[in-house]
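Structure record follows, encoded as structure tokens.
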Amino acid sequence: MPADSDPGAALRLAQSCLFLDESSASELVREIIRIQLSDDPETKVKFRGVELDRLLEVSIFRLSQLNPDAALELLGEMRAAKGDLVALVFSNVAAENLPSAKSYLSSVGGHALRDAVEPIAARLAIDDPEAAVSLLEEYGQPELDSERRKLVERLVTKDPAKGMAVAVKFASDGRNPDVIRAAVHRWLTVDESAALRWAGAYRGPGEKELREFLQNRSNP
């Protein structure tokens, strides 16, 4: 019976997978990948209606808890892992073994890279902000602009001077000018007078967006 036809099926499925040992979780993930990659018509008919995506999600999540490296390697064997699955695995691995998560980024490409980098950047922002800055400089894709904004907003709240320096660094390549506006916006909630003084004197990348923001703020 397809899981969608039984409201409790998805919960029972998740519960059963979360008690798998490492060997069983690995075998299950490999079998699901084999089925999904199969071009055999009989195999497709046999597993029609089976919630393979959901089963893969909970089983590889379980494996990432038990053996992060194995989960990342299996993730790399998929033709095109979905973004939410990539984010799920990398988020869990980053929490358990950050160096391993970072080392596997080079094997991730396309849109999945954003989903892999985001949880690592979020973890580094807490544990090692300098490393988070370096990571988001190394991976400068526009898809990660939101992570850069979140990082500078976090830094500005704790240390405005440092946060604004990072914002200017991110904006200096011309690809993410709005990060200056976002940083000042957050700074205004911490120390409005200091933020306005800095903004009034600022000249550089993102200046246009910052001026428009300040003008709109003055004339709502």
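Labels for the structure tokens follow display order: chains A, B, ..., residues from 1 in each chain, ligands from 1.
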At a cut-off of 7 Å, using only C-alpha atoms, what residues contact region 199-210 of chain A? Leave out same-chain residues fewer than 3 positions from it and give the result as a list in words. Ala171, Ser172, Gly174, Pro177, Asp178, Ile180, Arg181, Ala195, Leu196, Phe213 and Leu214 of chain A
Export C-alpha atoms of the chosen residues as a JSON list (two decimals), in the first residue's frame?
```
[["chain", "number", "residue", "atom", "x", "y", "z"],
["A", 171, "ALA", "CA", 30.45, 42.95, -1.51],
["A", 172, "SER", "CA", 33.87, 43.78, -2.92],
["A", 174, "GLY", "CA", 30.46, 43.12, -6.99],
["A", 177, "PRO", "CA", 26.13, 44.33, -3.08],
["A", 178, "ASP", "CA", 22.92, 43.98, -1.07],
["A", 180, "ILE", "CA", 25.87, 45.98, 2.87],
["A", 181, "ARG", "CA", 22.26, 47.08, 3.15],
["A", 195, "ALA", "CA", 25.05, 52.54, 12.10],
["A", 196, "LEU", "CA", 23.87, 55.80, 10.56],
["A", 213, "PHE", "CA", 17.39, 51.78, 1.74],
["A", 214, "LEU", "CA", 18.21, 54.79, 3.93]]
```
What are the nearest atom pairs, with distances in Å to one decimal, for all residues of region 176-205 of chain A that come at most 8 Å from region 133-149 of chain A, using only C-alpha atoms, set out by chain and rising residue number as JSON lines?
```
{"residue": "A:Asn176", "atom": "CA", "partner": "A:Asp145", "partner_atom": "CA", "distance": 6.6}
{"residue": "A:Val179", "atom": "CA", "partner": "A:Arg149", "partner_atom": "CA", "distance": 5.5}
{"residue": "A:Ala182", "atom": "CA", "partner": "A:Arg149", "partner_atom": "CA", "distance": 6.5}
{"residue": "A:Ala183", "atom": "CA", "partner": "A:Arg149", "partner_atom": "CA", "distance": 7.2}
```
Can you measure CA of Ala122 (chain A) to CA of Asp53 (chain A) for me? One decimal in Å is fine. 25.8 Å
Region 6-211 of chain A: residues DSSP assigns to helix (DSSP H, G or I), reported as a ChimeraX atom specification: /A:9-17,22-37,41-46,52-66,68-76,83-96,98-103,105-107,112-127,129-138,142-158,160-171,178-188,192-201,207-211
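You can rank A:Gln36, A:Leu55, A:Trp187, A:Arg62 by their closest distance to Ser24 (chain A) using only C-alpha atoms, and at the top of that list sits A:Arg62.
Across the structure, CA of Ala71 (chain A) and CA of Asn92 (chain A) are spaced 10.0 Å apart.
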Can you pull out the residues contacting Val89 (chain A)? Cut-off 10 Å, using only C-alpha atoms, and skip same-chain residues under 3 positions away; I want them as a list in words. Glu57, Val58, Ile60, Phe61, Arg62, Leu63, Ser64, Gln65, Pro68, Ala71, Leu72, Leu75, Asp84, Leu85, Val86, Asn92, Val93, Ala94, Ala101, Asp115, Ala116 and Pro119 of chain A
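Atom to atom, CA of Thr157 (chain A) and CA of Val190 (chain A) stand 6.5 Å apart.
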Using only C-alpha atoms for the distances, tell me which of A:Leu52, A:Leu113, A:Ala161, A:Leu66 is nearest to Ile33 (chain A). A:Leu52
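Nearest residue to His185 (chain A), choosing from A:Arg197, A:Arg114, A:Glu212, A:Glu153 and counting only C-alpha atoms: A:Glu153.
Compared by their closest atoms to Val166 (chain A), and using only C-alpha atoms, the residues A:Trp198, A:Pro129, A:Thr189, A:Ser26 rank with A:Pro129 nearest.
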